[in-house]
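What follows is a set of notes on a single structure, which appears directly below.
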Amino acid sequence: CPLDLEEYSHCPVAIDAKEIFLGFEEILSCSTTSVKVVSSEREYFKYCDAQTGLRALIGFVMASSACPVLSKMRGMAHYHLPFASIDEIVFRVTSSYLLSQYYVHQDGGQADWDLKGLRKHYKDMLTINYDFLQRIRIASKADANLDVLSTLFSISSVLSISLEKHLRQLKPLFVDIPAEMPPPMSVD
């Protein structure tokens, strides 16, 4: 954790998420539920397992916390997309990062168009999610909290290890790919 223990006696994410984790400490991941997320712009609804609903909430809380690593995602938290697929996460994370680099460039800084900082950010998040999982494991009686953090750990792992692979899969959506050339015509 990069926070100075003298200035911060408790983890900002833990403080923000405490009541949520306590509310789900006895809930099983596979419990079915109806989840409704309301923002000022729209509403989302999904009939799903408890883990999926809780992941949407905890992801938002973590990204909007005062944690210096996770707060880099506050733009994504502002435009939160609950229940996102891995492709949607890759799209949003990369787009958000590139927008932040545009602002760095506009302010005269050196922009990171190669996404090196994004890969490092997800390695840092991998550590944070793992350590946070270990703390929650001690406090949880059922598995919903643990499964949510395990999933967030897995997403961080996927993005830190195989971001390029996922970006290649998205490439055809954004780049004109030339149609296959017909075979040359023979002249007899």
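Each chain in the structure tokens gets a letter, A, B, ..., in the order shown, and its residues are numbered from 1; ligands are numbered from 1 in order too.
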
Nearby residues (only C-alpha atoms) at most 12 Å from Leu167 of chain A, same-chain spacing under 2 positions excluded, as number ranges by chain: A: 86-95, 115, 158-159, 162-165, 169-175

Set the distance at 9 Å and use only C-alpha atoms: which residues neighbour segment 35-39 of chain A once local chain neighbours fewer than 5 positions away are removed? I'd like the list as a PyMOL selection string. chain A and resi 44-48+50+52-54+56-57+80+82

Within 10 Å of Met125 of chain A, counting only C-alpha atoms, which residues show up once you throw out same-chain ones fewer than 5 positions away? Write them as a ChimeraX atom specification, please. /A:69-70,119-120,130-131,152-153,155-157,159-160

I'd like to know which residues of chain A are helix (DSSP H, G or I) (by DSSP, run on the backbone); could you write them as a ChimeraX atom specification? /A:12-23,50-63,70-78,86-106,116-139,144-173

May I have the selected residues written with C-alpha atoms, as a JSON list (two decimals), in the first residue's frame?
```json
[["chain", "number", "residue", "atom", "x", "y", "z"],
["A", 12, "PRO", "CA", -9.86, 4.03, 2.39],
["A", 13, "VAL", "CA", -11.44, 1.16, 0.43],
["A", 14, "ALA", "CA", -12.01, -0.85, 3.61],
["A", 15, "ILE", "CA", -13.69, 2.12, 5.26],
["A", 16, "ASP", "CA", -15.92, 2.76, 2.22],
["A", 17, "ALA", "CA", -16.81, -0.91, 1.72],
["A", 18, "LYS", "CA", -17.12, -2.00, 5.36],
["A", 19, "GLU", "CA", -20.91, -1.77, 5.65],
["A", 20, "ILE", "CA", -21.39, -3.47, 2.29],
["A", 21, "PHE", "CA", -19.13, -6.38, 3.24],
["A", 22, "LEU", "CA", -20.84, -6.69, 6.61],
["A", 23, "GLY", "CA", -24.22, -6.80, 4.88],
["A", 50, "ALA", "CA", -25.40, -12.32, -5.51],
["A", 51, "GLN", "CA", -21.75, -12.27, -6.55],
["A", 52, "THR", "CA", -22.51, -10.49, -9.84],
["A", 53, "GLY", "CA", -24.62, -7.82, -8.15],
["A", 54, "LEU", "CA", -22.11, -7.31, -5.38],
["A", 55, "ARG", "CA", -19.23, -7.05, -7.89],
["A", 56, "ALA", "CA", -21.01, -4.14, -9.61],
["A", 57, "LEU", "CA", -21.30, -2.33, -6.28],
["A", 58, "ILE", "CA", -17.84, -3.11, -4.90],
["A", 59, "GLY", "CA", -16.15, -2.23, -8.20],
["A", 60, "PHE", "CA", -17.80, 1.18, -8.05],
["A", 61, "VAL", "CA", -16.89, 1.73, -4.39],
["A", 62, "MET", "CA", -13.27, 0.71, -4.96],
["A", 63, "ALA", "CA", -12.86, 2.96, -8.02],
["A", 70, "LEU", "CA", -7.75, 2.74, -7.39],
["A", 71, "SER", "CA", -8.72, 6.42, -7.62],
["A", 72, "LYS", "CA", -7.08, 6.49, -11.06],
["A", 73, "MET", "CA", -10.31, 4.82, -12.15],
["A", 74, "ARG", "CA", -12.63, 7.55, -10.90],
["A", 75, "GLY", "CA", -13.53, 8.52, -14.48],
["A", 76, "MET", "CA", -14.74, 4.97, -15.03],
["A", 77, "ALA", "CA", -16.61, 5.11, -11.72],
["A", 78, "HIS", "CA", -18.34, 8.30, -12.86],
["A", 86, "ILE", "CA", -14.45, -8.64, -20.04],
["A", 87, "ASP", "CA", -14.57, -7.09, -23.54],
["A", 88, "GLU", "CA", -16.50, -4.10, -22.19],
["A", 89, "ILE", "CA", -14.02, -3.78, -19.33],
["A", 90, "VAL", "CA", -11.04, -3.86, -21.72],
["A", 91, "PHE", "CA", -12.71, -1.27, -23.97],
["A", 92, "ARG", "CA", -13.59, 1.04, -21.09],
["A", 93, "VAL", "CA", -10.27, 0.70, -19.27],
["A", 94, "THR", "CA", -8.22, 1.32, -22.40],
["A", 95, "SER", "CA", -10.41, 4.20, -23.60],
["A", 96, "SER", "CA", -10.30, 5.81, -20.17],
["A", 97, "TYR", "CA", -6.54, 5.47, -19.98],
["A", 98, "LEU", "CA", -6.03, 6.91, -23.45],
["A", 99, "LEU", "CA", -8.29, 9.86, -22.60],
["A", 100, "SER", "CA", -6.19, 10.52, -19.50],
["A", 101, "GLN", "CA", -3.07, 10.42, -21.68],
["A", 102, "TYR", "CA", -4.66, 12.93, -24.06],
["A", 103, "TYR", "CA", -5.03, 15.31, -21.11],
["A", 104, "VAL", "CA", -1.42, 14.66, -20.07],
["A", 105, "HIS", "CA", -0.37, 15.55, -23.63],
["A", 106, "GLN", "CA", -2.59, 18.67, -23.68],
["A", 116, "LYS", "CA", 2.89, 0.84, -20.38],
["A", 117, "GLY", "CA", 1.39, 2.77, -17.47],
["A", 118, "LEU", "CA", -1.92, 0.93, -17.87],
["A", 119, "ARG", "CA", -0.19, -2.44, -17.63],
["A", 120, "LYS", "CA", 1.67, -1.26, -14.51],
["A", 121, "HIS", "CA", -1.57, 0.06, -13.04],
["A", 122, "TYR", "CA", -3.19, -3.36, -13.40],
["A", 123, "LYS", "CA", -0.19, -5.07, -11.84],
["A", 124, "ASP", "CA", -0.60, -2.69, -8.88],
["A", 125, "MET", "CA", -4.33, -3.44, -8.78],
["A", 126, "LEU", "CA", -3.56, -7.15, -8.81],
["A", 127, "THR", "CA", -1.57, -6.71, -5.61],
["A", 128, "ILE", "CA", -4.24, -4.55, -4.01],
["A", 129, "ASN", "CA", -7.07, -6.93, -4.90],
["A", 130, "TYR", "CA", -5.07, -9.92, -3.62],
["A", 131, "ASP", "CA", -4.21, -8.22, -0.32],
["A", 132, "PHE", "CA", -7.77, -6.98, 0.10],
["A", 133, "LEU", "CA", -9.05, -10.52, -0.56],
["A", 134, "GLN", "CA", -6.85, -11.84, 2.25],
["A", 135, "ARG", "CA", -8.31, -9.29, 4.68],
["A", 136, "ILE", "CA", -11.91, -10.06, 3.71],
["A", 137, "ARG", "CA", -11.31, -13.82, 3.89],
["A", 138, "ILE", "CA", -10.77, -13.47, 7.65],
["A", 139, "ALA", "CA", -13.98, -11.48, 8.18],
["A", 144, "ALA", "CA", -20.14, -13.80, -1.73],
["A", 145, "ASN", "CA", -17.57, -11.24, -0.53],
["A", 146, "LEU", "CA", -14.70, -13.61, -1.24],
["A", 147, "ASP", "CA", -15.94, -14.52, -4.70],
["A", 148, "VAL", "CA", -16.37, -10.87, -5.66],
["A", 149, "LEU", "CA", -12.82, -10.03, -4.67],
["A", 150, "SER", "CA", -11.54, -13.22, -6.31],
["A", 151, "THR", "CA", -13.26, -12.14, -9.54],
["A", 152, "LEU", "CA", -11.80, -8.62, -9.30],
["A", 153, "PHE", "CA", -8.40, -10.23, -8.68],
["A", 154, "SER", "CA", -8.90, -12.39, -11.77],
["A", 155, "ILE", "CA", -9.89, -9.40, -13.92],
["A", 156, "SER", "CA", -6.79, -7.50, -12.73],
["A", 157, "SER", "CA", -4.71, -10.55, -13.54],
["A", 158, "VAL", "CA", -6.17, -10.91, -17.03],
["A", 159, "LEU", "CA", -5.62, -7.23, -17.78],
["A", 160, "SER", "CA", -2.08, -7.16, -16.42],
["A", 161, "ILE", "CA", -1.04, -10.31, -18.30],
["A", 162, "SER", "CA", -3.05, -10.44, -21.52],
["A", 163, "LEU", "CA", -4.18, -6.91, -22.31],
["A", 164, "GLU", "CA", -2.60, -7.11, -25.79],
["A", 165, "LYS", "CA", -4.52, -10.29, -26.62],
["A", 166, "HIS", "CA", -7.84, -8.66, -25.70],
["A", 167, "LEU", "CA", -6.97, -5.51, -27.63],
["A", 168, "ARG", "CA", -6.20, -7.60, -30.74],
["A", 169, "GLN", "CA", -9.65, -9.19, -30.41],
["A", 170, "LEU", "CA", -11.26, -5.73, -30.34],
["A", 171, "LYS", "CA", -9.17, -4.35, -33.22],
["A", 172, "PRO", "CA", -11.56, -5.36, -36.05],
["A", 173, "LEU", "CA", -14.24, -3.18, -34.47]]
```

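Of the listed residues A:Glu25, A:Gly109, A:Tyr79, A:Cys67, the one whose atoms come nearest to Pro2 of chain A is A:Cys67, with distances taken using only C-alpha atoms.
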
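Here the question is which of A:Ser34, A:Asp49, A:Ser29, A:Ala66 gets nearest to His10 of chain A using only C-alpha atoms, and that residue is A:Ala66.
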
Once DSSP has gone over the backbone, tell me which residues of chain A are in strand (DSSP E), as a ChimeraX atom specification. /A:32-38,43-49

How many Å lie between atom CA of Arg42 of chain A and atom CA of Leu81 of chain A, rounded to one decimal? 10.5 Å
